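Engineer: One file is attached below, structure-v6.json, containing JSON, C-alpha atoms.
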```json
[["chain", "number", "residue", "atom", "x", "y", "z"],
["A", 1, "TYR", "CA", 37.82, 29.94, 49.19],
["A", 2, "PHE", "CA", 39.90, 31.67, 46.51],
["A", 3, "GLN", "CA", 40.35, 34.70, 48.73],
["A", 4, "VAL", "CA", 41.66, 32.55, 51.59],
["A", 5, "LEU", "CA", 44.14, 30.92, 49.24],
["A", 6, "SER", "CA", 45.33, 34.18, 47.71],
["A", 7, "GLN", "CA", 45.52, 36.15, 50.97],
["A", 8, "ALA", "CA", 46.64, 33.56, 53.53],
["A", 9, "VAL", "CA", 47.96, 30.32, 52.11],
["A", 10, "PHE", "CA", 49.90, 31.48, 49.06],
["A", 11, "PRO", "CA", 51.87, 34.32, 50.76],
["A", 12, "GLN", "CA", 53.07, 31.91, 53.45],
["A", 13, "PHE", "CA", 53.86, 29.08, 51.06],
["A", 14, "PHE", "CA", 55.49, 30.93, 48.15],
["A", 15, "PRO", "CA", 58.70, 32.33, 49.78],
["A", 16, "GLY", "CA", 59.59, 29.01, 51.39],
["A", 17, "PHE", "CA", 58.93, 27.10, 48.19],
["A", 18, "ILE", "CA", 61.07, 29.46, 46.11],
["A", 19, "ALA", "CA", 63.91, 29.38, 48.67],
["A", 20, "TRP", "CA", 63.82, 25.57, 48.75],
["A", 21, "SER", "CA", 63.75, 25.35, 44.94],
["A", 22, "LEU", "CA", 66.72, 27.69, 44.59],
["A", 23, "TYR", "CA", 68.63, 25.72, 47.23],
["A", 24, "LYS", "CA", 68.01, 22.50, 45.31],
["A", 25, "LEU", "CA", 69.24, 24.22, 42.13],
["A", 26, "GLU", "CA", 72.49, 25.14, 43.89],
["A", 27, "LEU", "CA", 72.92, 21.56, 45.11],
["A", 28, "ASN", "CA", 72.31, 20.18, 41.63],
["A", 29, "VAL", "CA", 74.90, 22.51, 40.09],
["A", 30, "ARG", "CA", 77.49, 21.41, 42.64],
["A", 31, "SER", "CA", 76.74, 17.73, 42.39],
["A", 32, "SER", "CA", 76.81, 17.75, 38.58],
["A", 33, "THR", "CA", 80.60, 18.02, 38.70],
["A", 34, "ILE", "CA", 80.87, 14.94, 40.91],
["A", 35, "ILE", "CA", 78.49, 13.01, 38.68],
["A", 36, "GLY", "CA", 80.60, 14.00, 35.68],
["A", 37, "MET", "CA", 83.72, 12.62, 37.33],
["A", 38, "VAL", "CA", 82.15, 9.20, 37.78],
["A", 39, "GLY", "CA", 80.93, 8.90, 34.22],
["A", 40, "GLY", "CA", 78.11, 11.39, 33.62],
["A", 41, "GLY", "CA", 79.98, 13.74, 31.29],
["A", 42, "GLY", "CA", 80.27, 17.51, 31.43],
["A", 43, "LEU", "CA", 82.95, 19.44, 33.28],
["A", 44, "GLY", "CA", 83.62, 16.59, 35.69],
["A", 45, "PHE", "CA", 84.53, 14.36, 32.77],
["A", 46, "VAL", "CA", 86.87, 17.04, 31.41],
["A", 47, "ILE", "CA", 88.60, 17.26, 34.80],
["A", 48, "GLN", "CA", 88.95, 13.50, 35.09],
["A", 49, "LYS", "CA", 90.25, 13.10, 31.52],
["A", 50, "GLY", "CA", 92.70, 15.97, 31.94],
["A", 51, "LEU", "CA", 94.09, 14.51, 35.15],
["A", 52, "LYS", "CA", 94.63, 11.12, 33.53],
["A", 53, "LEU", "CA", 96.43, 12.71, 30.56],
["A", 54, "PHE", "CA", 98.42, 15.18, 32.70],
["A", 55, "GLN", "CA", 96.83, 18.19, 30.95],
["A", 56, "PHE", "CA", 96.96, 20.48, 33.93],
["A", 57, "LYS", "CA", 96.12, 23.69, 32.02],
["A", 58, "GLU", "CA", 92.87, 22.13, 30.84],
["A", 59, "VAL", "CA", 92.12, 20.84, 34.34],
["A", 60, "SER", "CA", 92.83, 24.24, 35.86],
["A", 61, "LEU", "CA", 90.48, 25.93, 33.41],
["A", 62, "ALA", "CA", 87.73, 23.37, 34.10],
["A", 63, "ILE", "CA", 88.10, 23.85, 37.87],
["A", 64, "ILE", "CA", 87.94, 27.62, 37.47],
["A", 65, "LEU", "CA", 84.81, 27.23, 35.34],
["A", 66, "VAL", "CA", 83.21, 25.04, 38.01],
["A", 67, "LEU", "CA", 84.05, 27.59, 40.70],
["A", 68, "LEU", "CA", 82.64, 30.45, 38.60],
["A", 69, "LEU", "CA", 79.51, 28.46, 37.83],
["A", 70, "VAL", "CA", 78.90, 27.63, 41.49],
["A", 71, "ALA", "CA", 79.68, 31.18, 42.66],
["A", 72, "GLY", "CA", 77.48, 32.69, 39.95],
["A", 73, "THR", "CA", 74.59, 30.38, 40.79],
["A", 74, "GLU", "CA", 74.92, 31.19, 44.48],
["A", 75, "PHE", "CA", 75.03, 34.92, 43.79],
["A", 76, "VAL", "CA", 71.98, 34.90, 41.52],
["A", 77, "THR", "CA", 69.91, 32.68, 43.81],
["A", 78, "SER", "CA", 70.80, 34.78, 46.88],
["A", 79, "LYS", "CA", 69.66, 37.95, 45.09],
["A", 80, "ILE", "CA", 66.40, 36.26, 44.10],
["A", 81, "ARG", "CA", 65.88, 35.06, 47.68],
["A", 82, "GLU", "CA", 66.50, 38.58, 49.03],
["A", 83, "ARG", "CA", 63.77, 39.99, 46.79],
["A", 84, "ILE", "CA", 61.23, 37.30, 47.53],
["A", 85, "ILE", "CA", 61.78, 36.73, 51.24]]
```
Can you dump the structure from the file as C-alpha coordinates?

Structural biologist:
Amino acid sequence: YFQVLSQAVFPQFFPGFIAWSLYKLELNVRSSTIIGMVGGGGLGFVIQKGLKLFQFKEVSLAIILVLLLVAGTEFVTSKIRERII
(Lines of atoms letter the chains of each structure in order from A and count residues from 1; the text may use other names and numbers.)
(Lines give C-alpha, C1' and ligand atoms only; values in the text may rest on other atoms or scores of the structure.)
Protein backbone atom coordinates (compact mmCIF):
# COMPACT_ATOMS: atom_id res chain seq x y z
CA TYR A 1 0.00 0.00 0.00
CA PHE A 2 2.81 2.39 0.91
CA GLN A 3 4.61 1.60 -2.33
CA VAL A 4 1.51 2.42 -4.38
CA LEU A 5 1.17 5.74 -2.58
CA SER A 6 4.83 6.68 -2.94
CA GLN A 7 5.22 5.55 -6.56
CA ALA A 8 1.84 6.35 -8.13
CA VAL A 9 -0.41 8.61 -6.09
CA PHE A 10 2.05 11.09 -4.60
CA PRO A 11 3.98 11.92 -7.83
CA GLN A 12 0.70 12.73 -9.60
CA PHE A 13 -0.78 14.69 -6.72
CA PHE A 14 2.23 16.70 -5.51
CA PRO A 15 2.95 18.99 -8.53
CA GLY A 16 -0.69 19.99 -8.92
CA PHE A 17 -1.07 20.64 -5.22
CA ILE A 18 2.06 22.80 -5.09
CA ALA A 19 1.03 24.75 -8.21
CA TRP A 20 -2.44 25.37 -6.77
CA SER A 21 -1.01 26.44 -3.39
CA LEU A 22 1.40 28.89 -5.02
CA TYR A 23 -1.41 30.30 -7.16
CA LYS A 24 -3.52 30.87 -4.05
CA LEU A 25 -0.54 32.61 -2.42
CA GLU A 26 -0.30 34.99 -5.39
CA LEU A 27 -4.03 35.72 -5.18
CA ASN A 28 -3.80 36.41 -1.46
CA VAL A 29 -0.91 38.84 -1.93
CA ARG A 30 -2.87 40.75 -4.57
CA SER A 31 -6.12 40.81 -2.66
CA SER A 32 -4.46 41.97 0.57
CA THR A 33 -4.08 45.44 -0.93
CA ILE A 34 -7.78 45.65 -1.72
CA ILE A 35 -8.69 44.42 1.75
CA GLY A 36 -6.40 47.07 3.22
CA MET A 37 -8.19 49.79 1.28
CA VAL A 38 -11.55 48.83 2.76
CA GLY A 39 -10.34 48.76 6.35
CA GLY A 40 -7.99 45.82 6.84
CA GLY A 41 -4.77 47.80 7.29
CA GLY A 42 -1.42 47.31 5.60
CA LEU A 43 -0.35 48.93 2.35
CA GLY A 44 -3.91 49.41 1.18
CA PHE A 45 -4.62 51.52 4.24
CA VAL A 46 -1.51 53.61 3.56
CA ILE A 47 -2.67 54.21 -0.02
CA GLN A 48 -6.17 55.18 1.08
CA LYS A 49 -4.93 57.49 3.86
CA GLY A 50 -2.40 59.13 1.54
CA LEU A 51 -5.03 59.79 -1.11
CA LYS A 52 -7.36 61.41 1.42
CA LEU A 53 -4.56 63.64 2.72
CA PHE A 54 -3.16 64.44 -0.75
CA GLN A 55 0.23 62.87 0.12
CA PHE A 56 1.02 61.70 -3.37
CA LYS A 57 4.69 60.86 -2.70
CA GLU A 58 3.63 58.44 0.02
CA VAL A 59 0.92 56.97 -2.21
CA SER A 60 3.37 56.56 -5.09
CA LEU A 61 5.83 54.73 -2.84
CA ALA A 62 3.09 52.44 -1.50
CA ILE A 63 1.91 51.62 -5.04
CA ILE A 64 5.48 50.87 -6.12
CA LEU A 65 5.88 48.61 -3.07
CA VAL A 66 2.68 46.75 -3.96
CA LEU A 67 3.87 46.29 -7.55
CA LEU A 68 7.27 45.03 -6.38
CA LEU A 69 5.65 42.69 -3.89
CA VAL A 70 3.30 41.22 -6.49
CA ALA A 71 6.03 40.94 -9.13
CA GLY A 72 8.45 39.37 -6.65
CA THR A 73 5.86 36.86 -5.49
CA GLU A 74 5.02 35.96 -9.08
CA PHE A 75 8.69 35.55 -9.98
CA VAL A 76 9.49 33.33 -6.99
CA THR A 77 6.40 31.16 -7.39
CA SER A 78 7.01 30.71 -11.12
CA LYS A 79 10.58 29.56 -10.44
CA ILE A 80 9.32 27.09 -7.83
CA ARG A 81 6.68 25.81 -10.25
CA GLU A 82 9.30 25.33 -12.99
CA ARG A 83 11.40 23.15 -10.69
CA ILE A 84 8.52 21.07 -9.41
CA ILE A 85 6.44 20.62 -12.56

Engineer: Find the residues near Phe14 in chain A: any atom within 12 Å, counting only C-alpha atoms, skip ones fewer than 6 places away on the same chain, and give them as a list in words.

Structural biologist: Leu5, Ser6, Gln7, Ala8, Trp20, Ser21, Arg81, Ile84 and Ile85 of chain A

Engineer: So which residues touch Glu26 in chain A within 7 Å, counting all atoms listed in the file, skipping near sequence neighbours fewer than 3 positions away, as a PDB file with C-alpha atoms, in the frame of the given file?

Structural biologist:
```pdb
ATOM      1  CA  LEU A  22      66.720  27.690  44.590  1.00  0.00           C
ATOM      2  CA  TYR A  23      68.630  25.720  47.230  1.00  0.00           C
ATOM      3  CA  VAL A  29      74.900  22.510  40.090  1.00  0.00           C
ATOM      4  CA  ARG A  30      77.490  21.410  42.640  1.00  0.00           C
ATOM      5  CA  THR A  73      74.590  30.380  40.790  1.00  0.00           C
ATOM      6  CA  GLU A  74      74.920  31.190  44.480  1.00  0.00           C
TER       7      GLU A  74
END
```

Engineer: CA of Leu61 in chain A and CA of Thr77 in chain A, how far apart in Å?

Structural biologist: 24.0 Å

Engineer: Residues at most 7 Å from range 36-52 of chain A, counting only C-alpha atoms, excluding those fewer than 5 positions away in the same chain, as number ranges by chain?

Structural biologist: A: 58-59, 62

Engineer: Could you please determine the separation between CA of Phe2 in chain A and CA of Glu82 in chain A in Å, to one decimal place?

Structural biologist: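 The value is 27.6 Å.
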
Engineer: Find the distance between CA of Ser31 in chain A and CA of Ile18 in chain A and write it in Å to one decimal.

Structural biologist: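 Going from CA of Ser31 in chain A over to CA of Ile18 in chain A, I get 19.9 Å.
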
Engineer: Which of these, A:Ile80, A:Ile63, A:Leu69, A:Phe75, has the shortest distance to Asn28 in chain A once you count only C-alpha atoms?

Structural biologist: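 Counting only C-alpha atoms, the residue closest to Asn28 in chain A is A:Leu69.
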
Engineer: Could you check the closest approach to Ile34 in chain A for each of A:Ala19, A:Val9, A:Val66, A:Leu53 and tell me which residue wins, using all atoms listed in the file?

Structural biologist: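 Checking each candidate against Ile34 in chain A, we get A:Val66 as the closest.
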